[in-house]
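A.B. asks: For reference, this is input_3.cif, and it has mmCIF, C-alpha atoms and all ligand atoms.
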```cif
data_data
#
loop_
_atom_site.label_atom_id
_atom_site.label_comp_id
_atom_site.auth_asym_id
_atom_site.auth_seq_id
_atom_site.Cartn_x
_atom_site.Cartn_y
_atom_site.Cartn_z
CA MET U 187 19.88 19.82 7.03
CA ALA U 188 22.52 18.60 9.48
CA ASN U 189 22.23 14.96 10.55
CA SER U 190 19.11 14.36 8.51
CA ASN U 191 17.74 10.84 8.35
CA ILE U 192 16.47 11.56 4.85
CA ILE U 193 19.02 10.40 2.29
CA ALA U 194 17.07 10.67 -0.97
CA LEU U 195 13.57 11.01 -2.41
CA HIS U 196 12.36 9.26 -5.55
CA HIS U 197 9.16 10.41 -7.23
CA LEU U 198 7.33 7.44 -8.75
CA ASN U 199 4.25 7.36 -10.96
CA CYS U 200 2.64 4.09 -9.89
CA CYS U 201 -0.16 4.03 -12.48
CA THR U 202 -1.10 6.27 -15.37
CA ASN U 203 -4.85 6.76 -15.60
CA ARG U 204 -6.24 7.62 -19.01
CA PRO U 205 -9.78 8.95 -18.62
CA GLY U 206 -11.26 9.82 -22.00
CA VAL U 207 -12.08 13.43 -21.15
CA GLY U 208 -9.82 15.36 -23.52
CA ARG U 209 -8.41 18.56 -22.01
CA LEU U 210 -11.18 18.88 -19.42
CA PHE U 211 -9.31 17.34 -16.46
CA ASN U 212 -5.80 18.77 -16.51
CA GLU U 213 -5.64 20.73 -19.76
CA ARG U 214 -3.71 17.93 -21.47
CA LYS U 215 -4.80 15.99 -24.45
CA PRO U 216 -4.81 13.03 -24.39
CA CYS U 217 -5.58 13.14 -20.69
CA ARG U 218 -3.00 11.40 -18.51
CA VAL U 219 -3.41 11.36 -14.74
CA VAL U 220 -0.55 10.04 -12.62
CA SER U 221 -0.57 8.28 -9.24
CA HIS U 222 2.27 10.10 -7.55
CA CYS U 223 4.03 8.05 -4.87
CA ILE U 224 7.27 8.89 -3.07
CA LEU U 225 10.00 6.43 -2.15
CA ILE U 226 12.17 7.81 0.68
CA GLU U 227 15.62 6.44 1.40
CA THR U 228 16.19 6.91 5.12
CA GLY U 229 19.04 5.96 7.43
CA SER U 230 16.89 3.04 8.56
CA GLY U 231 15.52 1.65 5.28
CA LEU U 232 13.03 2.56 2.59
CA VAL U 233 9.70 4.26 3.22
CA LEU U 234 7.01 4.37 0.55
CA ILE U 235 4.23 6.95 0.55
CA ASP U 236 1.18 5.42 -1.16
CA THR U 237 1.50 2.49 -3.55
CA GLY U 238 -0.58 3.11 -6.69
CA ILE U 239 -1.99 -0.06 -8.18
CA GLY U 240 -0.18 -3.37 -7.86
CA LEU U 241 0.94 -6.37 -9.89
CA ASP U 242 -2.24 -8.34 -9.18
CA ASP U 243 -4.38 -5.34 -10.24
CA MET U 244 -2.46 -5.18 -13.51
CA LYS U 245 -3.16 -8.89 -14.08
CA HIS U 246 -6.77 -8.81 -12.90
CA PRO U 247 -8.06 -5.25 -13.37
CA GLU U 248 -11.62 -6.43 -12.68
CA ARG U 249 -10.70 -6.42 -8.99
CA LEU U 250 -10.69 -2.61 -9.14
CA GLY U 251 -14.45 -2.65 -9.60
CA PHE U 252 -16.38 -0.26 -11.79
CA MET U 253 -13.94 2.62 -11.17
CA LYS U 254 -11.56 1.10 -13.69
CA ILE U 255 -14.02 2.01 -16.46
CA PHE U 256 -13.58 5.72 -15.62
CA ILE U 257 -9.92 5.87 -14.72
CA ARG U 258 -8.76 3.46 -17.49
CA PRO U 259 -5.44 2.60 -15.83
CA ARG U 260 -2.54 1.71 -18.09
CA LEU U 261 -1.87 -1.96 -17.33
CA ASP U 262 1.90 -2.02 -17.35
CA ASP U 263 3.88 -3.90 -14.68
CA ASN U 264 6.75 -1.44 -15.13
CA GLU U 265 4.60 1.26 -13.54
CA THR U 266 4.04 -0.66 -10.30
CA ALA U 267 5.92 0.52 -7.22
CA ILE U 268 7.57 -2.88 -6.77
CA ARG U 269 9.06 -2.89 -10.30
CA GLN U 270 10.31 0.66 -9.87
CA VAL U 271 11.82 -0.16 -6.47
CA GLN U 272 13.61 -3.12 -8.09
CA LYS U 273 14.81 -0.94 -10.96
CA LEU U 274 16.46 1.33 -8.39
CA GLY U 275 18.39 -1.70 -7.13
CA PHE U 276 16.32 -2.53 -4.07
CA SER U 277 14.03 -5.42 -3.21
CA ALA U 278 10.53 -5.64 -1.74
CA HIS U 279 12.11 -6.49 1.63
CA ASP U 280 13.94 -3.17 1.70
CA VAL U 281 10.61 -1.33 1.90
CA GLN U 282 9.99 -1.60 5.63
CA HIS U 283 7.31 1.05 5.91
CA ILE U 284 4.41 2.22 3.79
CA ILE U 285 2.56 5.38 4.82
CA MET U 286 -0.90 5.68 3.31
CA THR U 287 -2.58 9.03 2.69
CA HIS U 288 -5.77 6.96 2.50
CA LEU U 289 -6.82 3.49 1.32
CA ASP U 290 -8.64 4.20 -1.97
CA LEU U 291 -8.09 1.53 -4.61
CA ASP U 292 -5.77 3.68 -6.73
CA HIS U 293 -3.49 4.25 -3.72
CA ALA U 294 -3.58 0.91 -1.90
CA GLY U 295 -3.27 -1.56 -4.79
CA GLY U 296 0.49 -1.98 -4.37
CA ILE U 297 0.33 -2.92 -0.66
CA PRO U 298 0.30 -6.71 -1.41
CA ASP U 299 3.56 -6.36 -3.36
CA PHE U 300 5.35 -5.47 -0.08
CA PRO U 301 3.97 -8.12 2.27
CA HIS U 302 6.62 -7.51 4.95
CA ALA U 303 6.14 -3.76 5.24
CA LYS U 304 4.43 -2.06 8.15
CA VAL U 305 1.48 -0.10 6.78
CA HIS U 306 0.83 3.19 8.60
CA VAL U 307 -2.62 4.76 8.36
CA LEU U 308 -5.00 6.83 10.45
CA GLN U 309 -7.21 4.55 12.56
CA ARG U 310 -10.33 6.22 11.20
CA GLU U 311 -9.31 5.42 7.61
CA TYR U 312 -8.48 1.83 8.55
CA GLU U 313 -11.95 1.42 10.06
CA ALA U 314 -13.59 2.88 6.94
CA ALA U 315 -11.74 0.42 4.72
CA MET U 316 -12.43 -2.60 6.92
CA MET U 317 -16.09 -1.72 7.53
CA PRO U 318 -17.21 0.43 4.60
CA HIS U 319 -20.60 2.14 4.73
CA GLY U 320 -22.70 2.70 1.64
CA PHE U 321 -22.04 2.53 -2.07
CA LYS U 322 -19.18 5.03 -2.24
CA GLU U 323 -17.07 3.38 0.45
CA ASN U 324 -17.84 -0.10 -0.84
CA GLU U 325 -16.51 0.91 -4.24
CA ARG U 326 -13.49 2.95 -3.18
CA TYR U 327 -11.97 0.27 -0.93
CA ARG U 328 -11.09 -3.18 -2.33
CA LYS U 329 -10.78 -6.13 0.07
CA ALA U 330 -8.26 -7.83 -2.25
CA HIS U 331 -5.74 -5.15 -1.30
CA TRP U 332 -5.52 -6.40 2.29
CA ALA U 333 -6.44 -10.07 1.87
CA HIS U 334 -2.83 -10.92 2.86
CA SER U 335 -3.34 -9.32 6.34
CA PRO U 336 -0.77 -6.51 6.24
CA ASP U 337 1.11 -5.47 9.36
CA TRP U 338 -1.03 -2.40 10.06
CA ILE U 339 0.05 0.44 12.32
CA THR U 340 -2.93 2.66 12.98
CA TYR U 341 -2.98 6.05 14.64
CA LYS U 342 -5.68 7.47 16.86
CA GLU U 343 -6.50 11.12 16.45
CA GLN U 344 -4.33 12.34 19.30
CA TYR U 345 -2.53 15.21 17.73
CA ASN U 346 0.79 16.85 18.53
CA GLU U 347 1.37 20.55 17.91
CA PRO U 348 -0.10 21.65 14.56
CA TRP U 349 1.85 21.67 11.32
CA PHE U 350 1.18 25.08 9.75
CA GLY U 351 -2.27 25.07 11.36
CA PHE U 352 -3.17 21.49 10.43
CA ASP U 353 -3.51 18.70 13.02
CA SER U 354 -0.45 16.49 12.88
CA ILE U 355 0.91 13.26 14.30
CA LYS U 356 4.63 13.17 14.93
CA GLN U 357 6.96 10.35 15.94
CA LEU U 358 5.41 7.73 13.72
CA ASN U 359 6.19 4.19 14.86
CA GLY U 360 9.73 3.24 13.71
CA LEU U 361 10.03 6.24 11.36
CA PRO U 362 12.46 9.17 11.48
CA PRO U 363 11.15 12.45 12.99
CA GLU U 364 11.41 14.18 9.60
CA ILE U 365 8.27 12.34 8.43
CA ILE U 366 4.91 13.33 9.91
CA LEU U 367 1.24 12.67 9.26
CA VAL U 368 -0.87 15.76 8.56
CA ARG U 369 -4.64 15.51 8.82
CA LEU U 370 -6.30 16.83 5.63
CA PRO U 371 -9.98 16.09 6.18
CA GLY U 372 -12.74 15.74 3.60
CA HIS U 373 -11.72 13.31 0.86
CA SER U 374 -12.21 10.05 2.79
CA ARG U 375 -12.96 9.28 6.44
CA GLY U 376 -9.32 9.40 7.57
CA HIS U 377 -7.52 11.16 4.73
CA CYS U 378 -4.06 12.56 5.60
CA GLY U 379 -1.07 14.13 3.95
CA VAL U 380 2.53 13.16 4.65
CA ALA U 381 5.03 15.96 5.31
CA ILE U 382 8.75 15.32 4.84
CA HIS U 383 11.36 17.69 6.22
CA THR U 384 14.10 17.79 3.60
CA SER U 385 17.22 19.93 3.19
CA ASP U 386 15.07 22.29 1.06
CA GLY U 387 12.28 22.68 3.62
CA TRP U 388 8.99 20.82 3.85
CA LEU U 389 7.55 18.71 1.06
CA LEU U 390 3.92 17.77 1.63
CA HIS U 391 2.33 14.87 -0.22
CA ALA U 392 -1.26 16.08 0.00
CA GLY U 393 -2.95 12.92 -1.29
CA ASP U 394 -6.29 13.71 -2.95
CA SER U 395 -6.80 17.13 -1.30
CA TYR U 396 -6.72 18.59 -4.79
CA TYR U 397 -6.15 17.22 -8.32
CA PHE U 398 -4.66 19.89 -10.55
CA HIS U 399 -1.63 22.11 -9.84
CA LYS U 400 -3.45 25.33 -10.77
CA GLN U 401 -5.84 24.76 -7.85
CA MET U 402 -2.95 25.91 -5.63
CA HIS U 403 -2.24 29.08 -7.62
CA ASP U 404 -2.78 32.71 -6.55
CA ILE U 405 -5.83 32.75 -8.76
CA PRO U 406 -6.96 29.13 -8.47
CA ILE U 407 -8.29 27.26 -11.48
CA THR U 408 -10.44 24.14 -11.21
CA THR U 409 -11.20 22.51 -14.57
CA PRO U 410 -14.74 21.22 -15.29
CA MET U 411 -13.79 17.53 -14.94
CA VAL U 412 -11.85 18.12 -11.73
CA TYR U 413 -14.88 19.97 -10.40
CA LEU U 414 -17.15 17.02 -11.23
CA PHE U 415 -14.70 14.44 -9.97
CA GLN U 416 -14.34 16.24 -6.63
CA ARG U 417 -18.11 16.19 -6.16
CA PHE U 418 -18.12 12.47 -6.75
CA ALA U 419 -14.95 11.47 -4.91
CA HIS U 420 -14.96 13.57 -1.73
CA ARG U 421 -16.82 12.08 1.20
CA HIS U 422 -17.37 15.53 2.74
CA TYR U 423 -17.33 17.93 -0.16
CA GLN U 424 -17.46 21.22 1.78
CA GLN U 425 -14.87 20.06 4.28
CA ALA U 426 -12.57 18.95 1.45
CA LEU U 427 -12.91 22.37 -0.23
CA GLN U 428 -12.04 24.07 3.08
CA THR U 429 -8.97 21.84 3.41
CA LYS U 430 -7.92 22.72 -0.14
CA GLU U 431 -8.27 26.47 0.48
CA LYS U 432 -6.42 26.31 3.80
CA LEU U 433 -3.64 24.39 2.10
CA ARG U 434 -3.46 26.87 -0.77
CA ASN U 435 -3.11 29.79 1.65
CA ILE U 436 -0.38 28.04 3.63
CA VAL U 437 1.57 27.17 0.51
CA LEU U 438 1.25 30.70 -0.91
CA LYS U 439 2.28 32.30 2.42
CA ASN U 440 5.22 29.96 2.98
CA LYS U 441 6.53 29.50 -0.55
CA LYS U 442 10.15 29.12 0.54
CA GLU U 443 9.43 26.72 3.36
CA VAL U 444 6.64 24.50 2.04
CA LYS U 445 6.24 22.72 -1.27
CA VAL U 446 3.16 20.66 -2.02
CA LEU U 447 2.15 17.95 -4.45
CA CYS U 448 -1.00 15.91 -4.85
CA SER U 449 -1.45 12.28 -5.91
CA HIS U 450 -2.86 13.00 -9.34
CA GLY U 451 -1.09 16.17 -10.44
CA THR U 452 0.63 15.20 -13.67
CA GLN U 453 2.47 18.51 -14.14
CA GLU U 454 3.79 18.43 -10.54
CA PHE U 455 4.98 14.87 -11.03
CA GLU U 456 6.81 15.71 -14.23
CA SER U 457 8.57 18.69 -12.72
CA LEU U 458 9.62 16.85 -9.51
CA SER U 459 10.68 13.63 -11.25
CA ARG U 460 12.16 15.44 -14.27
CA THR U 461 10.45 12.93 -16.52
CA GLN U 462 7.63 13.08 -19.03
CA VAL U 463 4.50 11.00 -18.59
CA GLN U 464 4.19 8.72 -21.57
CA VAL U 465 1.24 9.22 -23.88
ZN ZN U 501 -6.73 9.03 -5.73
#
```
Any chance you could give the structure as structure tokens?
C.D. replies:
Amino acid sequence: MANSNIIALHHLNCCTNRPGVGRLFNERKPCRVVSHCILIETGSGLVLIDTGIGLDDMKHPERLGFMKIFIRPRLDDNETAIRQVQKLGFSAHDVQHIIMTHLDLDHAGGIPDFPHAKVHVLQREYEAAMMPHGFKENERYRKAHWAHSPDWITYKEQYNEPWFGFDSIKQLNGLPPEIILVRLPGHSRGHCGVAIHTSDGWLLHAGDSYYFHKQMHDIPITTPMVYLFQRFAHRHYQQALQTKEKLRNIVLKNKKEVKVLCSHGTQEFESLSRTQVQV
């Protein structure tokens, strides 16, 4: 793309989850479930999409609540976003913006490791995290992840023209026009995807809209554990399934123009990062 503000993308796995479910989640044994984050080098600094779990979570996993018993995160500092950013030769200060698909504990844990970054999120998701309702929301959001009072930038649901039929917010505060927020409702109150216009077309980080790459196939496959997990994790189950189907149709119809990945798709992560997730 001529004059693009996007210089490079780095695919980071910012926590390997190791649920003891054999092949039943993503057809891999032992089961390894990534937390796929993207670090974008732009003409005006680094932008991080989602943060995985952070250094303090690695040190004190009890702050993740009872979810840690199911997801069994690998507690390795080297998998945090901050350590991977440093390994690439940057510092925490270079990450000026973090865009959150949503604020679940396995996505927001790294926010405290970038205390100077502006944190972009849909207003509705911010409100859910600050004032959670009921058991599910009280478990999915962890106050420790924003105890340092991040510099939040929240967006009201005033949408620009749709992105492939989905509501979208363009011109994010201080960010290049190639990065937009795409509303993907169902998983949490204000769940969004982040679409990046690259030289190869659009790349959509679809957050937790789906969990396994074959759910986006011509003949979609949902494994038994993904099926169960979706029932438990989605706030609006039917709405989330509609979002997933709409997304699948868009991706299948626009194969050349749109590529998609989800937060926990291990196979997608390996193919985009050209690395293997460690057993
Ligand atoms: Zn997640």
A.B. asks: Check the smallest atom-to-atom distance from each of U:Ala333, U:Ile366, U:Gln416, U:Lys254 to Tyr345 in chain U using all atoms listed in the file, then report the winner.
C.D. replies: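 The closest residue to Tyr345 in chain U is U:Ile366.
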A.B. asks: Taking (-20.7, 1.1, -6.4) in the file's coordinates as the center, which residues reach within 12 Å of it, counting all atoms listed in the file, put as a PyMOL selection string?
C.D. replies: chain U and resi 250-254+318-328+418-419
A.B. asks: I'd like the contact shell of range 430-434 of chain U - 7 Å cut-off, only C-alpha atoms, skipping same-chain residues fewer than 2 positions apart - returned as a ChimeraX atom specification.
C.D. replies: /U:395-396,402,426-428,436-438
A.B. asks: Can you measure CA of Thr266 in chain U to CA of Cys200 in chain U for me? One decimal in Å is fine.
C.D. replies: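 Answer for the CA of Thr266 in chain U to CA of Cys200 in chain U separation: 5.0 Å.
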A.B. asks: With a cut-off of 8 Å, could you pull out the residues of chain U touching ligand ZN 501 (chain U) and give me the nearest pair of atoms for each, distance in Å to one decimal, using all atoms listed in the file, ordered by chain and ascending number, as a Markdown table?
C.D. replies:
```
| residue | atom | partner | partner_atom | distance |
| --- | --- | --- | --- | --- |
| U:Ser221 | CA | U:ZN501 | ZN | 7.1 |
| U:Asp290 | CA | U:ZN501 | ZN | 6.4 |
| U:Leu291 | CA | U:ZN501 | ZN | 7.7 |
| U:Asp292 | CA | U:ZN501 | ZN | 5.5 |
| U:His293 | CA | U:ZN501 | ZN | 6.1 |
| U:Gly393 | CA | U:ZN501 | ZN | 7.0 |
| U:Asp394 | CA | U:ZN501 | ZN | 5.5 |
| U:Ser449 | CA | U:ZN501 | ZN | 6.2 |
| U:His450 | CA | U:ZN501 | ZN | 6.6 |
```
A.B. asks: Could you check which of U:Leu367, U:Met244, U:Phe276, U:Val465 is closest to Asp353 in chain U, using only C-alpha atoms?
C.D. replies: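 Using only C-alpha atoms, the shortest distance to Asp353 in chain U belongs to U:Leu367.
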A.B. asks: Would you compute the distance between CA of Phe350 in chain U and CA of Leu390 in chain U? Give it in Å to one decimal.
C.D. replies: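 Rounded to one decimal, the two atoms are 11.3 Å apart.
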A.B. asks: Can you work out the spacing between CA of Thr340 in chain U and CA of Phe398 in chain U in Å, to one decimal?
C.D. replies: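 CA of Phe398 in chain U lies 29.2 Å from CA of Thr340 in chain U.
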A.B. asks: Near range 211-213 of chain U, within 12 Å and counting only C-alpha atoms, which residues show up once chain neighbours fewer than 4 positions away are dropped, as a PyMOL selection string?
C.D. replies: chain U and resi 203-207+217-220+257+396-401+407-416+450-454
A.B. asks: I'd like the neighbourhood of Leu308 in chain U as a ChimeraX atom specification, where a residue qualifies if any of its atoms comes within 7 Å (using only C-alpha atoms), though same-chain residues fewer than 4 positions away should be ignored.
C.D. replies: /U:312,340-342,376
A.B. asks: May I have the residues within 8 Å of Leu234 in chain U as JSON, numbers by chain, using only C-alpha atoms and disregarding those fewer than 2 positions away in the same chain?
C.D. replies: {"U": [223, 224, 225, 226, 232, 236, 237, 281, 283, 284, 285]}
A.B. asks: At a cut-off of 8 Å from (4.0, 0.7, -14.1) in the coordinates of the file, what residues are picked up using all atoms listed in the file, written as a compact mmCIF listing (two decimals) with C-alpha atoms, keeping the file's coordinate frame?
C.D. replies:
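Full text of part_21.txt as output:
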```
# COMPACT_ATOMS: atom_id res chain seq x y z
CA ASN U 199 4.25 7.36 -10.96
CA CYS U 200 2.64 4.09 -9.89
CA CYS U 201 -0.16 4.03 -12.48
CA THR U 202 -1.10 6.27 -15.37
CA ARG U 260 -2.54 1.71 -18.09
CA LEU U 261 -1.87 -1.96 -17.33
CA ASP U 262 1.90 -2.02 -17.35
CA ASP U 263 3.88 -3.90 -14.68
CA ASN U 264 6.75 -1.44 -15.13
CA GLU U 265 4.60 1.26 -13.54
CA THR U 266 4.04 -0.66 -10.30
CA ALA U 267 5.92 0.52 -7.22
CA ARG U 269 9.06 -2.89 -10.30
CA GLN U 270 10.31 0.66 -9.87
```
A.B. asks: Hey, can I get the axis-aligned box for range 435-453 of chain U? All listed atoms, 8 Å padding on each side, centre and edge lengths in Å to one decimal, as JSON.
C.D. replies:
```
{"center_x": 3.5, "center_y": 22.3, "center_z": -5.3, "size_x": 29.3, "size_y": 36.0, "size_z": 33.8}
```
A.B. asks: Taking all atoms listed in the file into account, which of U:Gln309, U:Ser459, U:Ser277, U:Ser230 comes nearest Cys378 in chain U?
C.D. replies: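 Closest candidate: U:Gln309.
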A.B. asks: Which residues, written as a list in words, have at least one atom at most 9 Å from Trp338 in chain U, with all atoms listed in the file counted and residues fewer than 5 positions away on the same chain left out?
C.D. replies: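 My reading of the contact set: Ala303, Lys304, Val305, His306, Val307 and Tyr312 of chain U.
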A.B. asks: Restrict the calculation to all atoms listed in the file, then for each residue of range 329-378 of chain U with any atom at most 7 Å from an atom of range 295-302 of chain U give the closest atom pair and their distance in Å to one decimal, rows by chain and rising residue number, as a Markdown table.
C.D. replies:
```
| residue | atom | partner | partner_atom | distance |
| --- | --- | --- | --- | --- |
| U:His331 | CA | U:Gly295 | CA | 5.6 |
| U:Trp332 | CA | U:Pro298 | CA | 6.9 |
| U:His334 | CA | U:Pro298 | CA | 6.8 |
| U:Pro336 | CA | U:Pro301 | CA | 6.4 |
```
